[in-house]
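J.: So here's protein_33.pdb, just PDB, C-alpha atoms, pLDDT in the B column:
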```pdb
ATOM      1  CA  MET S   1     190.608 192.319  19.787  1.00 51.00           C
ATOM      2  CA  TYR S   2     188.014 190.888  22.195  1.00 60.00           C
ATOM      3  CA  ILE S   3     189.673 192.647  25.148  1.00 61.00           C
ATOM      4  CA  GLN S   4     189.549 195.972  23.294  1.00 60.00           C
ATOM      5  CA  ILE S   5     185.824 195.574  22.588  1.00 64.00           C
ATOM      6  CA  LEU S   6     185.211 194.644  26.217  1.00 61.00           C
ATOM      7  CA  LEU S   7     187.172 197.675  27.415  1.00 61.00           C
ATOM      8  CA  ILE S   8     185.277 200.016  25.077  1.00 63.00           C
ATOM      9  CA  GLN S   9     181.983 198.665  26.407  1.00 66.00           C
ATOM     10  CA  LEU S  10     183.206 199.149  29.973  1.00 60.00           C
ATOM     11  CA  MET S  11     184.311 202.711  29.205  1.00 60.00           C
ATOM     12  CA  GLU S  12     180.881 203.500  27.761  1.00 63.00           C
ATOM     13  CA  ARG S  13     179.134 201.976  30.783  1.00 64.00           C
ATOM     14  CA  LYS S  14     181.350 203.662  33.381  1.00 56.00           C
ATOM     15  CA  GLY S  15     181.671 207.076  31.761  1.00 57.00           C
ATOM     16  CA  ARG S  16     185.285 206.712  30.565  1.00 60.00           C
ATOM     17  CA  ASN S  17     186.707 206.590  34.090  1.00 67.00           C
ATOM     18  CA  THR S  18     190.359 205.825  33.285  1.00 75.00           C
ATOM     19  CA  ASP S  19     191.103 204.269  36.686  1.00 78.00           C
ATOM     20  CA  PHE S  20     188.199 201.884  36.194  1.00 77.00           C
ATOM     21  CA  VAL S  21     189.342 201.041  32.645  1.00 77.00           C
ATOM     22  CA  LYS S  22     192.926 200.341  33.770  1.00 82.00           C
ATOM     23  CA  LEU S  23     191.698 198.108  36.590  1.00 86.00           C
ATOM     24  CA  ALA S  24     189.271 196.376  34.224  1.00 85.00           C
ATOM     25  CA  HIS S  25     192.088 195.735  31.745  1.00 85.00           C
ATOM     26  CA  LYS S  26     194.312 194.278  34.466  1.00 90.00           C
ATOM     27  CA  SER S  27     191.450 192.109  35.740  1.00 91.00           C
ATOM     28  CA  VAL S  28     190.648 190.751  32.277  1.00 90.00           C
ATOM     29  CA  ILE S  29     194.304 189.822  31.761  1.00 91.00           C
ATOM     30  CA  ASP S  30     194.464 188.238  35.235  1.00 93.00           C
ATOM     31  CA  LEU S  31     191.339 186.171  34.507  1.00 92.00           C
ATOM     32  CA  MET S  32     192.828 184.927  31.238  1.00 92.00           C
ATOM     33  CA  VAL S  33     196.159 184.040  32.874  1.00 94.00           C
ATOM     34  CA  THR S  34     194.368 182.277  35.741  1.00 95.00           C
ATOM     35  CA  GLY S  35     192.163 180.350  33.306  1.00 93.00           C
ATOM     36  CA  ASN S  36     195.237 179.173  31.419  1.00 94.00           C
ATOM     37  CA  TRP S  37     196.955 178.233  34.688  1.00 96.00           C
ATOM     38  CA  LEU S  38     193.935 176.151  35.730  1.00 95.00           C
ATOM     39  CA  GLN S  39     193.819 174.423  32.349  1.00 94.00           C
ATOM     40  CA  ASP S  40     197.522 173.619  32.539  1.00 96.00           C
ATOM     41  CA  LYS S  41     197.129 172.136  36.028  1.00 96.00           C
ATOM     42  CA  LEU S  42     194.148 170.017  34.967  1.00 96.00           C
ATOM     43  CA  ALA S  43     196.034 168.899  31.843  1.00 96.00           C
ATOM     44  CA  GLU S  44     198.793 167.574  34.136  1.00 96.00           C
ATOM     45  CA  VAL S  45     196.202 165.457  35.969  1.00 96.00           C
ATOM     46  CA  LEU S  46     194.762 164.086  32.709  1.00 96.00           C
ATOM     47  CA  LYS S  47     198.104 163.432  31.017  1.00 96.00           C
ATOM     48  CA  PRO S  48     198.775 160.032  32.686  1.00 96.00           C
ATOM     49  CA  HIS S  49     195.389 158.910  31.330  1.00 95.00           C
ATOM     50  CA  LYS S  50     196.383 160.052  27.810  1.00 95.00           C
ATOM     51  CA  LEU S  51     193.528 162.561  27.628  1.00 96.00           C
ATOM     52  CA  SER S  52     193.570 166.230  26.727  1.00 94.00           C
ATOM     53  CA  ASN S  53     191.301 168.731  28.479  1.00 94.00           C
ATOM     54  CA  ALA S  54     189.139 168.906  25.343  1.00 93.00           C
ATOM     55  CA  GLN S  55     188.857 165.101  25.060  1.00 95.00           C
ATOM     56  CA  PHE S  56     187.879 164.918  28.732  1.00 95.00           C
ATOM     57  CA  ASN S  57     185.270 167.613  28.105  1.00 94.00           C
ATOM     58  CA  VAL S  58     183.786 165.581  25.216  1.00 95.00           C
ATOM     59  CA  LEU S  59     183.580 162.478  27.409  1.00 96.00           C
ATOM     60  CA  ARG S  60     181.822 164.393  30.183  1.00 96.00           C
ATOM     61  CA  ILE S  61     179.350 165.855  27.703  1.00 95.00           C
ATOM     62  CA  LEU S  62     178.576 162.373  26.375  1.00 96.00           C
ATOM     63  CA  ARG S  63     178.180 160.957  29.882  1.00 96.00           C
ATOM     64  CA  GLY S  64     175.717 163.764  30.560  1.00 95.00           C
ATOM     65  CA  GLN S  65     173.625 162.494  27.650  1.00 93.00           C
ATOM     66  CA  LYS S  66     172.779 159.432  29.828  1.00 92.00           C
ATOM     67  CA  GLY S  67     173.062 156.952  26.951  1.00 87.00           C
ATOM     68  CA  LYS S  68     171.321 159.154  24.394  1.00 90.00           C
ATOM     69  CA  PRO S  69     173.475 159.752  21.289  1.00 91.00           C
ATOM     70  CA  ALA S  70     174.698 163.290  20.625  1.00 92.00           C
ATOM     71  CA  SER S  71     175.386 164.919  17.282  1.00 89.00           C
ATOM     72  CA  LEU S  72     178.756 166.529  16.637  1.00 87.00           C
ATOM     73  CA  SER S  73     177.127 169.966  16.691  1.00 87.00           C
ATOM     74  CA  CYS S  74     175.490 169.190  20.061  1.00 89.00           C
ATOM     75  CA  VAL S  75     178.871 168.198  21.502  1.00 91.00           C
ATOM     76  CA  SER S  76     180.536 171.241  19.961  1.00 89.00           C
ATOM     77  CA  ASP S  77     177.879 173.591  21.377  1.00 89.00           C
ATOM     78  CA  LYS S  78     178.401 172.236  24.900  1.00 90.00           C
ATOM     79  CA  MET S  79     182.209 172.405  24.826  1.00 89.00           C
ATOM     80  CA  ILE S  80     183.925 174.704  27.303  1.00 86.00           C
ATOM     81  CA  HIS S  81     186.066 175.967  24.431  1.00 79.00           C
ATOM     82  CA  LYS S  82     184.060 176.298  21.256  1.00 75.00           C
ATOM     83  CA  MET S  83     186.188 174.747  18.529  1.00 69.00           C
ATOM     84  CA  SER S  84     185.884 173.564  14.977  1.00 70.00           C
ATOM     85  CA  ASN S  85     187.922 170.388  15.471  1.00 85.00           C
ATOM     86  CA  THR S  86     185.289 168.388  17.362  1.00 86.00           C
ATOM     87  CA  THR S  87     185.442 165.736  14.623  1.00 86.00           C
ATOM     88  CA  ARG S  88     189.174 165.267  15.223  1.00 91.00           C
ATOM     89  CA  LEU S  89     188.640 165.050  18.996  1.00 91.00           C
ATOM     90  CA  VAL S  90     185.982 162.384  18.499  1.00 92.00           C
ATOM     91  CA  ASP S  91     188.258 160.491  16.090  1.00 93.00           C
ATOM     92  CA  LYS S  92     190.979 160.362  18.768  1.00 95.00           C
ATOM     93  CA  LEU S  93     188.467 159.092  21.337  1.00 96.00           C
ATOM     94  CA  LEU S  94     187.246 156.484  18.825  1.00 96.00           C
ATOM     95  CA  GLU S  95     190.811 155.218  18.404  1.00 96.00           C
ATOM     96  CA  LYS S  96     191.024 154.827  22.187  1.00 96.00           C
ATOM     97  CA  GLY S  97     187.718 152.924  22.307  1.00 97.00           C
ATOM     98  CA  LEU S  98     186.122 155.552  24.552  1.00 97.00           C
ATOM     99  CA  VAL S  99     183.293 156.564  22.185  1.00 97.00           C
ATOM    100  CA  ASP S 100     181.274 155.026  19.359  1.00 95.00           C
ATOM    101  CA  ARG S 101     180.183 156.778  16.193  1.00 91.00           C
ATOM    102  CA  ILE S 102     176.767 155.989  14.727  1.00 87.00           C
ATOM    103  CA  ILE S 103     176.157 156.968  11.109  1.00 83.00           C
ATOM    104  CA  CYS S 104     172.510 157.421  10.162  1.00 73.00           C
ATOM    105  CA  PRO S 105     171.675 154.957   7.347  1.00 75.00           C
ATOM    106  CA  GLU S 106     169.157 157.395   5.767  1.00 75.00           C
ATOM    107  CA  ASN S 107     171.503 160.390   5.883  1.00 73.00           C
ATOM    108  CA  ARG S 108     175.183 159.436   5.931  1.00 72.00           C
ATOM    109  CA  ARG S 109     176.121 163.029   6.787  1.00 75.00           C
ATOM    110  CA  LYS S 110     174.315 162.721  10.123  1.00 80.00           C
ATOM    111  CA  VAL S 111     176.718 161.339  12.712  1.00 84.00           C
ATOM    112  CA  GLU S 112     175.922 160.720  16.362  1.00 90.00           C
ATOM    113  CA  ILE S 113     178.326 159.890  19.156  1.00 94.00           C
ATOM    114  CA  THR S 114     177.875 157.805  22.314  1.00 95.00           C
ATOM    115  CA  ILE S 115     180.259 157.059  25.149  1.00 96.00           C
ATOM    116  CA  THR S 116     181.361 153.424  25.533  1.00 96.00           C
ATOM    117  CA  ALA S 117     181.459 151.377  28.733  1.00 96.00           C
ATOM    118  CA  GLU S 118     185.232 151.861  28.680  1.00 97.00           C
ATOM    119  CA  GLY S 119     184.756 155.638  28.442  1.00 97.00           C
ATOM    120  CA  LEU S 120     182.341 155.594  31.366  1.00 97.00           C
ATOM    121  CA  LYS S 121     184.759 153.489  33.403  1.00 97.00           C
ATOM    122  CA  LEU S 122     187.603 155.941  32.720  1.00 97.00           C
ATOM    123  CA  LEU S 123     185.445 158.901  33.756  1.00 97.00           C
ATOM    124  CA  GLU S 124     184.456 157.095  36.938  1.00 96.00           C
ATOM    125  CA  GLU S 125     188.167 156.630  37.761  1.00 94.00           C
ATOM    126  CA  LEU S 126     188.869 160.274  36.947  1.00 96.00           C
ATOM    127  CA  ASP S 127     185.977 161.672  39.010  1.00 95.00           C
ATOM    128  CA  GLY S 128     187.824 161.270  42.306  1.00 94.00           C
ATOM    129  CA  VAL S 129     191.177 162.295  40.844  1.00 95.00           C
ATOM    130  CA  LEU S 130     189.737 165.490  39.370  1.00 95.00           C
ATOM    131  CA  GLU S 131     187.726 166.264  42.490  1.00 95.00           C
ATOM    132  CA  LYS S 132     190.899 166.088  44.564  1.00 96.00           C
ATOM    133  CA  ALA S 133     192.888 168.157  42.034  1.00 96.00           C
ATOM    134  CA  GLU S 134     190.184 170.834  41.827  1.00 96.00           C
ATOM    135  CA  ALA S 135     189.951 171.054  45.619  1.00 96.00           C
ATOM    136  CA  ASN S 136     193.729 171.378  45.752  1.00 96.00           C
ATOM    137  CA  LEU S 137     193.702 174.138  43.132  1.00 96.00           C
ATOM    138  CA  MET S 138     191.177 176.091  45.197  1.00 96.00           C
ATOM    139  CA  SER S 139     192.807 175.349  48.559  1.00 96.00           C
ATOM    140  CA  ASN S 140     194.147 178.896  49.013  1.00 96.00           C
ATOM    141  CA  LEU S 141     190.563 180.139  49.263  1.00 96.00           C
ATOM    142  CA  GLU S 142     188.084 179.781  52.098  1.00 96.00           C
ATOM    143  CA  LYS S 143     184.609 178.370  51.361  1.00 96.00           C
ATOM    144  CA  ASN S 144     183.003 181.822  51.526  1.00 96.00           C
ATOM    145  CA  GLU S 145     185.663 183.176  49.138  1.00 96.00           C
ATOM    146  CA  ILE S 146     184.916 180.417  46.639  1.00 96.00           C
ATOM    147  CA  GLU S 147     181.200 181.250  46.923  1.00 96.00           C
ATOM    148  CA  GLN S 148     182.016 184.933  46.364  1.00 96.00           C
ATOM    149  CA  LEU S 149     184.194 184.041  43.372  1.00 95.00           C
ATOM    150  CA  GLU S 150     181.341 181.971  41.900  1.00 95.00           C
ATOM    151  CA  PHE S 151     178.942 184.883  42.422  1.00 95.00           C
ATOM    152  CA  LEU S 152     181.316 187.360  40.782  1.00 94.00           C
ATOM    153  CA  LEU S 153     182.054 185.100  37.810  1.00 92.00           C
ATOM    154  CA  LYS S 154     178.325 184.650  37.196  1.00 93.00           C
ATOM    155  CA  LYS S 155     177.752 188.391  37.546  1.00 92.00           C
ATOM    156  CA  LEU S 156     180.547 189.094  35.065  1.00 89.00           C
ATOM    157  CA  LYS S 157     178.769 186.986  32.435  1.00 87.00           C
ATOM    158  CA  GLU S 158     175.365 188.730  32.850  1.00 85.00           C
TER     159      GLU S 158
END
```
Let me see the structure of the file written as structure tokens.
T.:
Amino acid sequence: MYIQILLIQLMERKGRNTDFVKLAHKSVIDLMVTGNWLQDKLAEVLKPHKLSNAQFNVLRILRGQKGKPASLSCVSDKMIHKMSNTTRLVDKLLEKGLVDRIICPENRRKVEITITAEGLKLLEELDGVLEKAEANLMSNLEKNEIEQLEFLLKKLKE
């Protein structure tokens, strides 16, 4: 459905040029396949540490808070993949001792999350591992090609 809307918008912008629309369709599919491929490769790196991509994302968001607690909605808003199961992700991280949950005494519905020392230590270990994996994933590209890719991805989202 989303692809169809995107293609209709492209057709309107480019005057229904069918060659452009076919190429746009192929490119959208290629981007989605590549995104999934990257996620799968990163999941392989995280698997030995018993973390999913989404759990890793939550931990990085919390580390970025620099000790300041974050609400579930704040975490959810910053997720790479917007999802409704942020509570379940946090529960899994709680079980692993990687985050703490703080319930507001005045409003028990207000829940804030912080990363634990153990969570920070795990992220510190993973920083180098992920950096190496990401560099390896991009190794078929030259530096200027990566810069061009970054530029094009940003332009696509304008």
J.: Can you list, as a list in words, every protein, DNA or RNA residue that comes within 10 Å of Gln65 (chain S) when you count only C-alpha atoms, leaving out same-chain residues fewer than 6 positions away?
T.: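 Selected residues are Leu59, Val75, Thr114 and Ile115 of chain S.
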J.: Expand the PyMOL selection byres ((chain S and resi 49) around 12) into the individual residues it matches in the shown file, reporting them as a list in words.
T.: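 Taken over the shown coordinates, the PyMOL selection byres ((chain S and resi 49) around 12) returns Leu42, Ala43, Glu44, Val45, Leu46, Lys47, Pro48, Lys50, Leu51, Ser52, Asn53, Gln55, Phe56, Lys96, Leu98, Gly119, Leu122, Leu123, Glu125, Leu126, Val129 and Leu130 of chain S.
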J.: With C-alpha atoms kept, could you save the residues just selected as a short mmCIF file (atom, residue, chain, number, x, y, z; two decimals), in the frame of the given file?
T.:
```cif
data_model
loop_
_atom_site.label_atom_id
_atom_site.label_comp_id
_atom_site.auth_asym_id
_atom_site.auth_seq_id
_atom_site.Cartn_x
_atom_site.Cartn_y
_atom_site.Cartn_z
CA LEU S 42 194.15 170.02 34.97
CA ALA S 43 196.03 168.90 31.84
CA GLU S 44 198.79 167.57 34.14
CA VAL S 45 196.20 165.46 35.97
CA LEU S 46 194.76 164.09 32.71
CA LYS S 47 198.10 163.43 31.02
CA PRO S 48 198.78 160.03 32.69
CA LYS S 50 196.38 160.05 27.81
CA LEU S 51 193.53 162.56 27.63
CA SER S 52 193.57 166.23 26.73
CA ASN S 53 191.30 168.73 28.48
CA GLN S 55 188.86 165.10 25.06
CA PHE S 56 187.88 164.92 28.73
CA LYS S 96 191.02 154.83 22.19
CA LEU S 98 186.12 155.55 24.55
CA GLY S 119 184.76 155.64 28.44
CA LEU S 122 187.60 155.94 32.72
CA LEU S 123 185.44 158.90 33.76
CA GLU S 125 188.17 156.63 37.76
CA LEU S 126 188.87 160.27 36.95
CA VAL S 129 191.18 162.29 40.84
CA LEU S 130 189.74 165.49 39.37
#
```
J.: To box region 28-37 of chain S, take all atoms listed in the file, fit an axis-aligned box, add 4 Å on each side, and give centre and edge lengths in Å to one decimal, as AutoDock Vina command-line options.
T.:
```
--center_x 193.8 --center_y 184.5 --center_z 33.5 --size_x 14.3 --size_y 20.5 --size_z 12.5
```
J.: Could you tell me which of S:Ile103, S:Leu152, S:Leu141, S:Leu62 comes closest to Ala117 (chain S) if we count all atoms listed in the file?
T.: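 The closest residue to Ala117 (chain S) is S:Leu62.
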J.: List the neighbours of region 81-89 of chain S out to 9 Å using all atoms listed in the file; skip same-chain residues closer than 3 positions along the sequence, and give me the result as a PyMOL selection string.
T.: chain S and resi 54-55+58+72-73+75-78+92-94
J.: Measure the distance from CA of Gly97 (chain S) to CA of Glu118 (chain S) in Å and round it to one decimal.
T.: 6.9 Å
J.: Which residues, written as a PyMOL selection string, have at least one atom at most 10 Å from Lys41 (chain S), with only C-alpha atoms counted and residues fewer than 4 positions away on the same chain left out?
T.: chain S and resi 35-37+45-46+133-134+137
J.: Keeping only C-alpha atoms, write those residues as a compact mmCIF listing (two decimals), keeping the file's coordinate frame.
T.:
```txt
# COMPACT_ATOMS: atom_id res chain seq x y z
CA GLY S 35 192.16 180.35 33.31
CA ASN S 36 195.24 179.17 31.42
CA TRP S 37 196.96 178.23 34.69
CA VAL S 45 196.20 165.46 35.97
CA LEU S 46 194.76 164.09 32.71
CA ALA S 133 192.89 168.16 42.03
CA GLU S 134 190.18 170.83 41.83
CA LEU S 137 193.70 174.14 43.13
```
J.: The PyMOL selection byres ((chain S and resi 102) around 6) on the file shown: which residues, as a list in words?
T.: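 Selected by the PyMOL selection byres ((chain S and resi 102) around 6) here: Arg101, Ile103, Val111 and Glu112 of chain S.
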J.: One decimal, Å: what's the distance from CA of Gln39 (chain S) over to CA of Phe20 (chain S), could you say?
T.: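 If I compute the distance from CA of Gln39 (chain S) to CA of Phe20 (chain S), I get 28.3 Å.
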J.: Give me, please, the distance in Å between CA of Glu124 (chain S) and CA of Arg60 (chain S), quoted to one decimal.
T.: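 Value for the CA of Glu124 (chain S)-CA of Arg60 (chain S) distance: 10.3 Å.
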J.: Looking at all atoms listed in the file, which of S:Cys74, S:Ile61, S:Ile80, S:Val90 is the one that sits closest to Leu120 (chain S)?
T.: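 Among the listed residues, the smallest separation from Leu120 (chain S) belongs to S:Ile61.
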